[in-house]
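Visitor: Sending over entry.cif (mmCIF, N, CA and C atoms).
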```cif
data_coords
#
loop_
_atom_site.label_atom_id
_atom_site.label_comp_id
_atom_site.auth_asym_id
_atom_site.auth_seq_id
_atom_site.Cartn_x
_atom_site.Cartn_y
_atom_site.Cartn_z
N MET A 1 30.95 30.62 -27.19
CA MET A 1 29.53 30.56 -26.90
C MET A 1 29.30 30.84 -25.41
N GLU A 2 28.27 31.63 -25.12
CA GLU A 2 27.93 31.98 -23.75
C GLU A 2 26.49 31.61 -23.48
N LEU A 3 26.09 31.68 -22.21
CA LEU A 3 24.71 31.34 -21.83
C LEU A 3 23.69 32.20 -22.55
N ILE A 4 24.04 33.45 -22.81
CA ILE A 4 23.12 34.37 -23.48
C ILE A 4 22.86 33.97 -24.93
N ASP A 5 23.79 33.20 -25.51
CA ASP A 5 23.64 32.78 -26.90
C ASP A 5 22.76 31.54 -27.08
N LEU A 6 22.44 30.84 -25.96
CA LEU A 6 21.63 29.61 -26.07
C LEU A 6 20.19 29.93 -26.44
N LYS A 7 19.65 29.22 -27.42
CA LYS A 7 18.27 29.40 -27.85
C LYS A 7 17.65 28.04 -28.10
N PRO A 8 16.32 27.90 -27.94
CA PRO A 8 15.68 26.60 -28.23
C PRO A 8 15.80 26.26 -29.71
N ALA A 9 15.71 24.98 -30.03
CA ALA A 9 15.83 24.53 -31.42
C ALA A 9 14.73 25.14 -32.27
N GLU A 10 15.01 25.36 -33.53
CA GLU A 10 14.07 25.97 -34.47
C GLU A 10 12.80 25.11 -34.57
N GLY A 11 11.64 25.72 -34.32
CA GLY A 11 10.36 25.02 -34.45
C GLY A 11 9.93 24.27 -33.20
N SER A 12 10.75 24.30 -32.13
CA SER A 12 10.37 23.57 -30.91
C SER A 12 9.42 24.37 -30.03
N ARG A 13 9.38 25.68 -30.20
CA ARG A 13 8.50 26.53 -29.41
C ARG A 13 7.44 27.16 -30.32
N HIS A 14 6.22 27.23 -29.81
CA HIS A 14 5.12 27.82 -30.57
C HIS A 14 4.63 29.07 -29.86
N ALA A 15 4.24 30.07 -30.62
CA ALA A 15 3.70 31.29 -30.04
C ALA A 15 2.31 31.01 -29.50
N LYS A 16 1.99 31.63 -28.34
CA LYS A 16 0.69 31.47 -27.71
C LYS A 16 -0.39 32.11 -28.59
N LYS A 17 -1.55 31.43 -28.71
CA LYS A 17 -2.66 31.99 -29.50
C LYS A 17 -3.27 33.15 -28.73
N ARG A 18 -3.30 34.32 -29.33
CA ARG A 18 -3.89 35.49 -28.69
C ARG A 18 -5.30 35.67 -29.24
N VAL A 19 -6.29 35.35 -28.41
CA VAL A 19 -7.68 35.39 -28.85
C VAL A 19 -8.33 36.70 -28.42
N GLY A 20 -9.40 37.06 -29.13
CA GLY A 20 -10.16 38.27 -28.78
C GLY A 20 -9.45 39.55 -29.10
N ARG A 21 -8.64 39.57 -30.19
CA ARG A 21 -7.89 40.78 -30.55
C ARG A 21 -8.30 41.30 -31.92
N GLY A 22 -9.60 41.29 -32.17
CA GLY A 22 -10.12 41.87 -33.42
C GLY A 22 -10.42 40.83 -34.47
N ILE A 23 -11.38 41.18 -35.36
CA ILE A 23 -11.84 40.26 -36.39
C ILE A 23 -10.72 39.89 -37.35
N GLY A 24 -9.85 40.81 -37.67
CA GLY A 24 -8.77 40.58 -38.63
C GLY A 24 -7.75 39.54 -38.16
N SER A 25 -7.70 39.28 -36.85
CA SER A 25 -6.70 38.34 -36.34
C SER A 25 -7.06 36.89 -36.63
N GLY A 26 -8.34 36.64 -36.96
CA GLY A 26 -8.78 35.27 -37.20
C GLY A 26 -9.31 34.59 -35.94
N ARG A 27 -9.01 35.19 -34.79
CA ARG A 27 -9.53 34.64 -33.53
C ARG A 27 -10.19 35.75 -32.72
N GLY A 28 -10.88 36.63 -33.39
CA GLY A 28 -11.55 37.74 -32.72
C GLY A 28 -13.00 37.40 -32.43
N LYS A 29 -13.78 38.42 -32.08
CA LYS A 29 -15.21 38.33 -31.79
C LYS A 29 -15.53 37.26 -30.77
N THR A 30 -15.79 36.00 -31.20
CA THR A 30 -16.17 34.95 -30.25
C THR A 30 -14.97 34.17 -29.74
N SER A 31 -13.78 34.50 -30.19
CA SER A 31 -12.52 33.91 -29.71
C SER A 31 -12.46 32.39 -29.84
N GLY A 32 -13.03 31.87 -30.89
CA GLY A 32 -12.96 30.43 -31.14
C GLY A 32 -13.94 29.62 -30.31
N ARG A 33 -14.90 30.27 -29.63
CA ARG A 33 -15.85 29.57 -28.78
C ARG A 33 -17.19 29.30 -29.47
N GLY A 34 -17.36 29.73 -30.70
CA GLY A 34 -18.64 29.56 -31.37
C GLY A 34 -19.63 30.63 -30.95
N MET A 35 -20.92 30.42 -31.28
CA MET A 35 -21.91 31.46 -31.05
C MET A 35 -22.53 31.38 -29.65
N ASN A 36 -23.41 30.40 -29.41
CA ASN A 36 -24.13 30.32 -28.14
C ASN A 36 -23.80 29.02 -27.40
N GLY A 37 -24.34 28.89 -26.24
CA GLY A 37 -24.23 27.64 -25.50
C GLY A 37 -23.37 27.74 -24.26
N GLN A 38 -23.38 26.67 -23.52
CA GLN A 38 -22.71 26.62 -22.22
C GLN A 38 -21.21 26.92 -22.32
N MET A 39 -20.57 26.37 -23.35
CA MET A 39 -19.13 26.52 -23.47
C MET A 39 -18.70 27.89 -23.99
N SER A 40 -19.64 28.68 -24.50
CA SER A 40 -19.28 30.01 -25.00
C SER A 40 -19.24 31.04 -23.89
N ARG A 41 -19.84 30.73 -22.75
CA ARG A 41 -19.94 31.68 -21.64
C ARG A 41 -18.69 31.64 -20.76
N ALA A 42 -18.43 32.74 -20.10
CA ALA A 42 -17.33 32.79 -19.12
C ALA A 42 -17.73 31.92 -17.93
N GLY A 43 -16.84 31.05 -17.50
CA GLY A 43 -17.16 30.15 -16.39
C GLY A 43 -18.02 28.99 -16.80
N GLY A 44 -18.28 28.86 -18.10
CA GLY A 44 -19.15 27.79 -18.58
C GLY A 44 -18.44 26.45 -18.58
N GLY A 45 -19.18 25.39 -18.80
CA GLY A 45 -18.62 24.05 -18.83
C GLY A 45 -19.16 23.23 -17.68
N LYS A 46 -18.80 21.97 -17.66
CA LYS A 46 -19.29 21.04 -16.64
C LYS A 46 -18.14 20.64 -15.73
N ARG A 47 -18.45 20.44 -14.47
CA ARG A 47 -17.42 20.03 -13.52
C ARG A 47 -17.03 18.57 -13.76
N ALA A 48 -15.91 18.17 -13.23
CA ALA A 48 -15.44 16.78 -13.36
C ALA A 48 -16.42 15.84 -12.67
N GLY A 49 -16.79 14.76 -13.32
CA GLY A 49 -17.72 13.79 -12.76
C GLY A 49 -19.18 14.09 -13.01
N PHE A 50 -19.48 15.19 -13.73
CA PHE A 50 -20.88 15.53 -14.03
C PHE A 50 -21.42 14.58 -15.08
N GLU A 51 -22.62 14.02 -14.83
CA GLU A 51 -23.19 13.03 -15.73
C GLU A 51 -24.52 13.49 -16.31
N GLY A 52 -24.61 14.76 -16.64
CA GLY A 52 -25.80 15.28 -17.31
C GLY A 52 -27.01 15.35 -16.41
N GLY A 53 -26.84 15.47 -15.11
CA GLY A 53 -27.97 15.56 -14.19
C GLY A 53 -28.35 14.22 -13.59
N GLN A 54 -27.91 13.13 -14.22
CA GLN A 54 -28.13 11.79 -13.65
C GLN A 54 -27.33 11.67 -12.36
N ASN A 55 -27.82 10.84 -11.43
CA ASN A 55 -27.12 10.67 -10.15
C ASN A 55 -25.72 10.11 -10.43
N PRO A 56 -24.67 10.79 -10.00
CA PRO A 56 -23.31 10.37 -10.35
C PRO A 56 -22.92 9.01 -9.76
N LEU A 57 -21.94 8.38 -10.39
CA LEU A 57 -21.48 7.06 -9.98
C LEU A 57 -21.05 7.03 -8.52
N ALA A 58 -20.36 8.07 -8.06
CA ALA A 58 -19.87 8.13 -6.68
C ALA A 58 -21.01 8.11 -5.68
N ARG A 59 -22.19 8.60 -6.08
CA ARG A 59 -23.34 8.61 -5.18
C ARG A 59 -24.22 7.38 -5.35
N ARG A 60 -24.09 6.70 -6.51
CA ARG A 60 -24.89 5.49 -6.74
C ARG A 60 -24.33 4.27 -6.03
N LEU A 61 -23.00 4.24 -5.84
CA LEU A 61 -22.37 3.07 -5.23
C LEU A 61 -22.61 3.04 -3.73
N PRO A 62 -22.77 1.85 -3.15
CA PRO A 62 -23.01 1.77 -1.70
C PRO A 62 -21.76 2.11 -0.90
N LYS A 63 -21.97 2.64 0.27
CA LYS A 63 -20.86 2.97 1.16
C LYS A 63 -20.53 1.73 1.99
N LEU A 64 -19.25 1.46 2.21
CA LEU A 64 -18.85 0.29 2.98
C LEU A 64 -19.09 0.54 4.47
N PRO A 65 -19.56 -0.48 5.19
CA PRO A 65 -19.79 -0.30 6.62
C PRO A 65 -18.49 -0.36 7.41
N GLY A 66 -18.51 0.21 8.60
CA GLY A 66 -17.36 0.12 9.49
C GLY A 66 -16.21 1.00 9.05
N PHE A 67 -15.02 0.67 9.54
CA PHE A 67 -13.83 1.44 9.19
C PHE A 67 -12.64 0.50 9.24
N LYS A 68 -11.52 0.97 8.68
CA LYS A 68 -10.28 0.19 8.67
C LYS A 68 -9.29 0.86 9.62
N ASN A 69 -8.85 0.14 10.62
CA ASN A 69 -7.93 0.68 11.60
C ASN A 69 -6.52 0.72 11.02
N PHE A 70 -5.99 1.92 10.80
CA PHE A 70 -4.67 2.05 10.19
C PHE A 70 -3.54 1.77 11.17
N ASN A 71 -3.85 1.64 12.47
CA ASN A 71 -2.83 1.31 13.47
C ASN A 71 -2.74 -0.19 13.73
N ARG A 72 -3.52 -1.00 13.02
CA ARG A 72 -3.56 -2.43 13.25
C ARG A 72 -2.21 -3.08 12.95
N THR A 73 -1.80 -4.00 13.83
CA THR A 73 -0.57 -4.75 13.62
C THR A 73 -0.93 -6.08 12.97
N GLU A 74 -0.39 -6.33 11.80
CA GLU A 74 -0.66 -7.56 11.04
C GLU A 74 0.44 -8.57 11.37
N TYR A 75 0.08 -9.64 12.08
CA TYR A 75 1.05 -10.67 12.46
C TYR A 75 1.11 -11.76 11.39
N VAL A 76 2.31 -12.33 11.20
CA VAL A 76 2.48 -13.48 10.33
C VAL A 76 2.35 -14.72 11.22
N PRO A 77 1.33 -15.57 10.98
CA PRO A 77 1.14 -16.72 11.86
C PRO A 77 2.10 -17.86 11.54
N VAL A 78 2.64 -18.48 12.59
CA VAL A 78 3.48 -19.66 12.46
C VAL A 78 3.01 -20.66 13.50
N ASN A 79 2.63 -21.86 13.06
CA ASN A 79 2.14 -22.89 13.98
C ASN A 79 3.30 -23.70 14.54
N VAL A 80 3.08 -24.27 15.76
CA VAL A 80 4.13 -25.07 16.39
C VAL A 80 4.43 -26.33 15.60
N SER A 81 3.48 -26.82 14.80
CA SER A 81 3.72 -28.00 13.96
C SER A 81 4.81 -27.72 12.92
N ARG A 82 4.86 -26.49 12.41
CA ARG A 82 5.91 -26.09 11.45
C ARG A 82 7.27 -26.04 12.14
N LEU A 83 7.30 -25.57 13.39
CA LEU A 83 8.55 -25.54 14.15
C LEU A 83 9.05 -26.96 14.40
N GLU A 84 8.13 -27.88 14.68
CA GLU A 84 8.48 -29.28 14.93
C GLU A 84 9.12 -29.92 13.71
N GLU A 85 8.59 -29.65 12.54
CA GLU A 85 9.12 -30.31 11.33
C GLU A 85 10.39 -29.66 10.79
N LYS A 86 10.62 -28.37 11.06
CA LYS A 86 11.78 -27.68 10.47
C LYS A 86 13.00 -27.61 11.39
N TYR A 87 12.79 -27.47 12.70
CA TYR A 87 13.89 -27.23 13.63
C TYR A 87 14.39 -28.51 14.28
N LYS A 88 15.67 -28.46 14.69
CA LYS A 88 16.26 -29.54 15.48
C LYS A 88 16.15 -29.15 16.96
N ALA A 89 16.25 -30.13 17.84
CA ALA A 89 16.14 -29.88 19.27
C ALA A 89 17.27 -28.96 19.74
N GLY A 90 16.93 -28.01 20.62
CA GLY A 90 17.92 -27.10 21.18
C GLY A 90 18.15 -25.83 20.37
N GLU A 91 17.52 -25.69 19.21
CA GLU A 91 17.72 -24.50 18.38
C GLU A 91 16.90 -23.32 18.91
N VAL A 92 17.31 -22.12 18.47
CA VAL A 92 16.61 -20.88 18.83
C VAL A 92 15.72 -20.48 17.65
N VAL A 93 14.44 -20.23 17.96
CA VAL A 93 13.49 -19.81 16.94
C VAL A 93 13.35 -18.29 17.02
N ASP A 94 13.85 -17.59 15.99
CA ASP A 94 13.66 -16.14 15.89
C ASP A 94 13.33 -15.80 14.43
N VAL A 95 13.16 -14.51 14.16
CA VAL A 95 12.72 -14.07 12.83
C VAL A 95 13.74 -14.47 11.75
N ASP A 96 15.02 -14.34 12.07
CA ASP A 96 16.07 -14.67 11.10
C ASP A 96 16.07 -16.16 10.76
N SER A 97 15.94 -17.01 11.79
CA SER A 97 15.95 -18.46 11.52
C SER A 97 14.67 -18.91 10.82
N LEU A 98 13.55 -18.26 11.12
CA LEU A 98 12.29 -18.57 10.42
C LEU A 98 12.42 -18.26 8.93
N ALA A 99 13.06 -17.13 8.61
CA ALA A 99 13.27 -16.77 7.20
C ALA A 99 14.26 -17.73 6.55
N LYS A 100 15.29 -18.14 7.29
CA LYS A 100 16.31 -19.05 6.76
C LYS A 100 15.69 -20.41 6.38
N TYR A 101 14.77 -20.89 7.23
CA TYR A 101 14.09 -22.17 6.96
C TYR A 101 12.93 -22.04 5.97
N GLY A 102 12.61 -20.81 5.54
CA GLY A 102 11.55 -20.60 4.55
C GLY A 102 10.15 -20.62 5.12
N ILE A 103 10.03 -20.47 6.43
CA ILE A 103 8.69 -20.45 7.06
C ILE A 103 8.03 -19.10 6.84
N ILE A 104 8.83 -18.03 6.92
CA ILE A 104 8.32 -16.69 6.58
C ILE A 104 9.15 -16.15 5.42
N LYS A 105 8.62 -15.16 4.70
CA LYS A 105 9.28 -14.68 3.48
C LYS A 105 10.40 -13.69 3.75
N ASN A 106 10.19 -12.73 4.68
CA ASN A 106 11.24 -11.76 4.95
C ASN A 106 11.32 -11.47 6.44
N THR A 107 12.39 -10.82 6.84
CA THR A 107 12.66 -10.62 8.27
C THR A 107 12.05 -9.35 8.85
N ASP A 108 11.43 -8.51 8.02
CA ASP A 108 10.87 -7.27 8.55
C ASP A 108 9.38 -7.39 8.84
N CYS A 109 8.93 -8.58 9.25
CA CYS A 109 7.52 -8.77 9.60
C CYS A 109 7.41 -9.09 11.09
N VAL A 110 6.19 -9.00 11.61
CA VAL A 110 5.91 -9.28 13.02
C VAL A 110 5.31 -10.68 13.09
N VAL A 111 5.92 -11.57 13.88
CA VAL A 111 5.56 -12.99 13.90
C VAL A 111 4.83 -13.34 15.18
N LYS A 112 3.80 -14.20 15.03
CA LYS A 112 3.11 -14.76 16.19
C LYS A 112 3.07 -16.27 16.05
N VAL A 113 3.52 -16.98 17.09
CA VAL A 113 3.50 -18.44 17.08
C VAL A 113 2.15 -18.88 17.64
N LEU A 114 1.46 -19.74 16.88
CA LEU A 114 0.15 -20.25 17.28
C LEU A 114 0.26 -21.72 17.65
N GLY A 115 -0.74 -22.23 18.37
CA GLY A 115 -0.66 -23.56 18.97
C GLY A 115 -1.24 -24.70 18.17
N SER A 116 -1.38 -24.58 16.86
CA SER A 116 -1.93 -25.67 16.06
C SER A 116 -0.86 -26.75 15.84
N GLY A 117 -1.19 -28.00 16.18
CA GLY A 117 -0.25 -29.11 16.01
C GLY A 117 0.45 -29.45 17.31
N ASP A 118 1.39 -30.38 17.24
CA ASP A 118 2.12 -30.83 18.42
C ASP A 118 3.60 -30.53 18.27
N ILE A 119 4.28 -30.40 19.40
CA ILE A 119 5.72 -30.18 19.40
C ILE A 119 6.34 -31.04 20.50
N LYS A 120 7.42 -31.71 20.17
CA LYS A 120 8.10 -32.58 21.13
C LYS A 120 9.56 -32.18 21.32
N LYS A 121 10.05 -31.24 20.52
CA LYS A 121 11.44 -30.81 20.60
C LYS A 121 11.59 -29.64 21.55
N LYS A 122 12.76 -29.59 22.22
CA LYS A 122 13.05 -28.51 23.16
C LYS A 122 13.60 -27.33 22.37
N LEU A 123 12.81 -26.26 22.26
CA LEU A 123 13.20 -25.08 21.48
C LEU A 123 13.13 -23.83 22.34
N THR A 124 13.96 -22.85 22.02
CA THR A 124 13.89 -21.52 22.64
C THR A 124 13.25 -20.59 21.62
N VAL A 125 12.09 -20.04 21.95
CA VAL A 125 11.32 -19.21 21.01
C VAL A 125 11.48 -17.74 21.40
N LYS A 126 12.02 -16.94 20.47
CA LYS A 126 12.21 -15.50 20.67
C LYS A 126 11.53 -14.76 19.52
N VAL A 127 10.21 -14.61 19.59
CA VAL A 127 9.46 -13.89 18.56
C VAL A 127 8.61 -12.81 19.22
N ASP A 128 7.85 -12.06 18.40
CA ASP A 128 7.09 -10.93 18.91
C ASP A 128 5.92 -11.33 19.80
N LYS A 129 5.19 -12.38 19.41
CA LYS A 129 4.03 -12.84 20.19
C LYS A 129 3.95 -14.35 20.15
N VAL A 130 3.42 -14.94 21.23
CA VAL A 130 3.17 -16.38 21.30
C VAL A 130 1.81 -16.56 21.96
N SER A 131 0.93 -17.37 21.34
CA SER A 131 -0.38 -17.61 21.92
C SER A 131 -0.23 -18.45 23.19
N ALA A 132 -1.26 -18.43 24.04
CA ALA A 132 -1.21 -19.15 25.31
C ALA A 132 -1.07 -20.66 25.09
N SER A 133 -1.81 -21.20 24.10
CA SER A 133 -1.75 -22.64 23.84
C SER A 133 -0.37 -23.05 23.30
N ALA A 134 0.23 -22.19 22.46
CA ALA A 134 1.56 -22.48 21.92
C ALA A 134 2.61 -22.43 23.03
N LYS A 135 2.47 -21.46 23.92
CA LYS A 135 3.41 -21.33 25.04
C LYS A 135 3.35 -22.57 25.93
N ALA A 136 2.14 -23.04 26.20
CA ALA A 136 1.97 -24.23 27.04
C ALA A 136 2.60 -25.46 26.38
N LYS A 137 2.43 -25.62 25.07
CA LYS A 137 2.98 -26.78 24.36
C LYS A 137 4.51 -26.73 24.32
N ILE A 138 5.07 -25.53 24.09
CA ILE A 138 6.53 -25.38 24.02
C ILE A 138 7.16 -25.67 25.38
N GLU A 139 6.55 -25.15 26.45
CA GLU A 139 7.08 -25.35 27.79
C GLU A 139 6.90 -26.80 28.25
N LYS A 140 5.82 -27.44 27.82
CA LYS A 140 5.58 -28.85 28.15
C LYS A 140 6.65 -29.74 27.50
N ALA A 141 7.13 -29.34 26.30
CA ALA A 141 8.15 -30.11 25.60
C ALA A 141 9.55 -29.84 26.16
N GLY A 142 9.67 -28.91 27.13
CA GLY A 142 10.96 -28.61 27.74
C GLY A 142 11.61 -27.35 27.21
N GLY A 143 10.96 -26.66 26.30
CA GLY A 143 11.51 -25.44 25.74
C GLY A 143 11.15 -24.23 26.57
N LYS A 144 11.56 -23.05 26.11
CA LYS A 144 11.18 -21.83 26.81
C LYS A 144 10.82 -20.73 25.82
N VAL A 145 9.98 -19.82 26.29
CA VAL A 145 9.49 -18.73 25.44
C VAL A 145 10.01 -17.42 26.02
N GLU A 146 10.69 -16.64 25.17
CA GLU A 146 11.17 -15.31 25.54
C GLU A 146 10.49 -14.31 24.61
N GLU A 147 9.54 -13.53 25.16
CA GLU A 147 8.87 -12.55 24.31
C GLU A 147 8.75 -11.22 25.04
N PRO A 148 8.69 -10.08 24.42
CA PRO A 148 9.07 -9.91 23.01
C PRO A 148 10.59 -9.91 22.89
N CYS A 149 11.05 -10.21 21.68
CA CYS A 149 12.50 -10.34 21.47
C CYS A 149 13.19 -9.00 21.50
#
```
Write the structure described by the file as structure tokens, please.
Guide:
Amino acid sequence: MELIDLKPAEGSRHAKKRVGRGIGSGRGKTSGRGMNGQMSRAGGGKRAGFEGGQNPLARRLPKLPGFKNFNRTEYVPVNVSRLEEKYKAGEVVDVDSLAKYGIIKNTDCVVKVLGSGDIKKKLTVKVDKVSASAKAKIEKAGGKVEEPC
């Protein structure tokens, strides 16, 4: 057997309907389009989304105000109260340890430490962003902030 001998399975291929080739062919004269009307004409038919002249759905719905900035950086917030309850004194707070303690879900996110709550443990914070109030609380407790990591 050679490549030239390969053929599709019997009955898997159908011959193309040849329309407009005489009355005897069964698909002559009007070529299966009927007598009159929009669909019988060349170029006839309605465009996608046409609603019979009624104002289309895309034009009836209100437009949203403003715009969405696609360059926006979405930070995962972590409060200092969560650091206080999860970490021991002297530990380093970074993305990997936050994920290990279950504070954030995965390590490929951008983290910002916020100042909600109190902290009394001395921690070294190495994350992408730290708010001013969180920085003040961490440094007051004897820790230090190294940003960005």
Visitor: Once the PyMOL selection byres (((chain A and resi 114 and name CA) around 10) and name CA) has been applied to the shown file, what residues remain in the selection, as an mmCIF file with N, CA and C atoms, in the frame of the given file?
Guide:
```cif
data_model
loop_
_atom_site.group_PDB
_atom_site.id
_atom_site.type_symbol
_atom_site.label_atom_id
_atom_site.label_comp_id
_atom_site.auth_asym_id
_atom_site.auth_seq_id
_atom_site.Cartn_x
_atom_site.Cartn_y
_atom_site.Cartn_z
ATOM 1 N N VAL A 76 2.310 -12.330 11.200
ATOM 2 C CA VAL A 76 2.480 -13.480 10.330
ATOM 3 C C VAL A 76 2.350 -14.720 11.220
ATOM 4 N N PRO A 77 1.330 -15.570 10.980
ATOM 5 C CA PRO A 77 1.140 -16.720 11.860
ATOM 6 C C PRO A 77 2.100 -17.860 11.540
ATOM 7 N N VAL A 78 2.640 -18.480 12.590
ATOM 8 C CA VAL A 78 3.480 -19.660 12.460
ATOM 9 C C VAL A 78 3.010 -20.660 13.500
ATOM 10 N N ASN A 79 2.630 -21.860 13.060
ATOM 11 C CA ASN A 79 2.140 -22.890 13.980
ATOM 12 C C ASN A 79 3.300 -23.700 14.540
ATOM 13 N N VAL A 80 3.080 -24.270 15.760
ATOM 14 C CA VAL A 80 4.130 -25.070 16.390
ATOM 15 C C VAL A 80 4.430 -26.330 15.600
ATOM 16 N N SER A 81 3.480 -26.820 14.800
ATOM 17 C CA SER A 81 3.720 -28.000 13.960
ATOM 18 C C SER A 81 4.810 -27.720 12.920
ATOM 19 N N VAL A 111 5.920 -11.570 13.880
ATOM 20 C CA VAL A 111 5.560 -12.990 13.900
ATOM 21 C C VAL A 111 4.830 -13.340 15.180
ATOM 22 N N LYS A 112 3.800 -14.200 15.030
ATOM 23 C CA LYS A 112 3.110 -14.760 16.190
ATOM 24 C C LYS A 112 3.070 -16.270 16.050
ATOM 25 N N VAL A 113 3.520 -16.980 17.090
ATOM 26 C CA VAL A 113 3.500 -18.440 17.080
ATOM 27 C C VAL A 113 2.150 -18.880 17.640
ATOM 28 N N GLY A 115 -0.740 -22.230 18.370
ATOM 29 C CA GLY A 115 -0.660 -23.560 18.970
ATOM 30 C C GLY A 115 -1.240 -24.700 18.170
ATOM 31 N N SER A 116 -1.380 -24.580 16.860
ATOM 32 C CA SER A 116 -1.930 -25.670 16.060
ATOM 33 C C SER A 116 -0.860 -26.750 15.840
ATOM 34 N N GLY A 117 -1.190 -28.000 16.180
ATOM 35 C CA GLY A 117 -0.250 -29.110 16.010
ATOM 36 C C GLY A 117 0.450 -29.450 17.310
ATOM 37 N N LYS A 129 5.190 -12.380 19.410
ATOM 38 C CA LYS A 129 4.030 -12.840 20.190
ATOM 39 C C LYS A 129 3.950 -14.350 20.150
ATOM 40 N N VAL A 130 3.420 -14.940 21.230
ATOM 41 C CA VAL A 130 3.170 -16.380 21.300
ATOM 42 C C VAL A 130 1.810 -16.560 21.960
ATOM 43 N N SER A 131 0.930 -17.370 21.340
ATOM 44 C CA SER A 131 -0.380 -17.610 21.920
ATOM 45 C C SER A 131 -0.230 -18.450 23.190
ATOM 46 N N ALA A 132 -1.260 -18.430 24.040
ATOM 47 C CA ALA A 132 -1.210 -19.150 25.310
ATOM 48 C C ALA A 132 -1.070 -20.660 25.090
ATOM 49 N N SER A 133 -1.810 -21.200 24.100
ATOM 50 C CA SER A 133 -1.750 -22.640 23.840
ATOM 51 C C SER A 133 -0.370 -23.050 23.300
ATOM 52 N N ALA A 134 0.230 -22.190 22.460
ATOM 53 C CA ALA A 134 1.560 -22.480 21.920
ATOM 54 C C ALA A 134 2.610 -22.430 23.030
ATOM 55 N N LYS A 135 2.470 -21.460 23.920
ATOM 56 C CA LYS A 135 3.410 -21.330 25.040
ATOM 57 C C LYS A 135 3.350 -22.570 25.930
#
```
Visitor: Rounded to one decimal, what separation in Å do you get between CA of Gly90 (chain A) and CA of Lys122 (chain A)?
Guide: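 A separation of 5.4 Å between them.
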Visitor: Hey, what does DSSP flag as strand (DSSP E) within region 66-144 of chain A? Can you give it to me as a list of chain:residue names?
Guide: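 Restricting region 66-144 of chain A to strand (DSSP E) produces A:Tyr75, A:Val76, A:Pro77, A:Val78, A:Asn79, A:Val92, A:Val93, A:Val110, A:Val111, A:Lys112, A:Val113, A:Leu114, A:Thr124, A:Val125, A:Lys129, A:Val130, A:Lys144.
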Visitor: On this structure, which residues satisfy the PyMOL selection byres ((chain A and resi 121) around 6.5), written as a tab-separated table (two decimals) with N, CA and C atoms, in the frame of the given file?
Guide:
```tsv
chain	number	residue	atom	x	y	z
A	84	GLU	N	8.13	-27.88	14.68
A	84	GLU	CA	8.48	-29.28	14.93
A	84	GLU	C	9.12	-29.92	13.71
A	88	LYS	N	15.67	-28.46	14.69
A	88	LYS	CA	16.26	-29.54	15.48
A	88	LYS	C	16.15	-29.15	16.96
A	89	ALA	N	16.25	-30.13	17.84
A	89	ALA	CA	16.14	-29.88	19.27
A	89	ALA	C	17.27	-28.96	19.74
A	90	GLY	N	16.93	-28.01	20.62
A	90	GLY	CA	17.92	-27.10	21.18
A	90	GLY	C	18.15	-25.83	20.37
A	119	ILE	N	4.28	-30.40	19.40
A	119	ILE	CA	5.72	-30.18	19.40
A	119	ILE	C	6.34	-31.04	20.50
A	120	LYS	N	7.42	-31.71	20.17
A	120	LYS	CA	8.10	-32.58	21.13
A	120	LYS	C	9.56	-32.18	21.32
A	122	LYS	N	12.76	-29.59	22.22
A	122	LYS	CA	13.05	-28.51	23.16
A	122	LYS	C	13.60	-27.33	22.37
A	123	LEU	N	12.81	-26.26	22.26
A	123	LEU	CA	13.20	-25.08	21.48
A	123	LEU	C	13.13	-23.83	22.34
A	141	ALA	N	7.13	-29.34	26.30
A	141	ALA	CA	8.15	-30.11	25.60
A	141	ALA	C	9.55	-29.84	26.16
A	142	GLY	N	9.67	-28.91	27.13
A	142	GLY	CA	10.96	-28.61	27.74
A	142	GLY	C	11.61	-27.35	27.21
A	143	GLY	N	10.96	-26.66	26.30
A	143	GLY	CA	11.51	-25.44	25.74
A	143	GLY	C	11.15	-24.23	26.57
```
Visitor: Considering only C-alpha atoms, return as a short mmCIF file (atom, residue, chain, number, x, y, z; two decimals) with N, CA and C atoms, in the frame of the given file whatever protein or nucleic-acid residues lie within 9 Å of Asn106 (chain A), sequence-local ones (same chain, fewer than 3 positions apart) excluded.
Guide:
```cif
data_model
loop_
_atom_site.label_atom_id
_atom_site.label_comp_id
_atom_site.auth_asym_id
_atom_site.auth_seq_id
_atom_site.Cartn_x
_atom_site.Cartn_y
_atom_site.Cartn_z
N VAL A 95 13.16 -14.51 14.16
CA VAL A 95 12.72 -14.07 12.83
C VAL A 95 13.74 -14.47 11.75
N ASP A 96 15.02 -14.34 12.07
CA ASP A 96 16.07 -14.67 11.10
C ASP A 96 16.07 -16.16 10.76
N LEU A 98 13.55 -18.26 11.12
CA LEU A 98 12.29 -18.57 10.42
C LEU A 98 12.42 -18.26 8.93
N ALA A 99 13.06 -17.13 8.61
CA ALA A 99 13.27 -16.77 7.20
C ALA A 99 14.26 -17.73 6.55
N GLY A 102 12.61 -20.81 5.54
CA GLY A 102 11.55 -20.60 4.55
C GLY A 102 10.15 -20.62 5.12
N CYS A 109 8.93 -8.58 9.25
CA CYS A 109 7.52 -8.77 9.60
C CYS A 109 7.41 -9.09 11.09
#
```
Visitor: Could you state the separation of CA of Glu91 (chain A) and CA of Val125 (chain A) in Å, given to one decimal place?
Guide: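 Calculated distance between CA of Glu91 (chain A) and CA of Val125 (chain A) is 8.7 Å.
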Visitor: State, in Å with one decimal place, the distance from CA of Val19 (chain A) to CA of Ser40 (chain A).
Guide: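 Taking CA of Val19 (chain A) and CA of Ser40 (chain A), their separation equals 13.4 Å.
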Visitor: Find the residues near Glu147 (chain A): any atom within 7 Å, counting only C-alpha atoms, skip ones fewer than 3 places away on the same chain, and give them as a short mmCIF file (atom, residue, chain, number, x, y, z; two decimals) with N, CA and C atoms, in the coordinates of the input.
Guide:
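Listed below is the output, selection_0.cif:
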```cif
data_model
loop_
_atom_site.label_atom_id
_atom_site.label_comp_id
_atom_site.auth_asym_id
_atom_site.auth_seq_id
_atom_site.Cartn_x
_atom_site.Cartn_y
_atom_site.Cartn_z
N LYS A 126 12.02 -16.94 20.47
CA LYS A 126 12.21 -15.50 20.67
C LYS A 126 11.53 -14.76 19.52
N VAL A 127 10.21 -14.61 19.59
CA VAL A 127 9.46 -13.89 18.56
C VAL A 127 8.61 -12.81 19.22
N ASP A 128 7.85 -12.06 18.40
CA ASP A 128 7.09 -10.93 18.91
C ASP A 128 5.92 -11.33 19.80
N LYS A 129 5.19 -12.38 19.41
CA LYS A 129 4.03 -12.84 20.19
C LYS A 129 3.95 -14.35 20.15
#
```
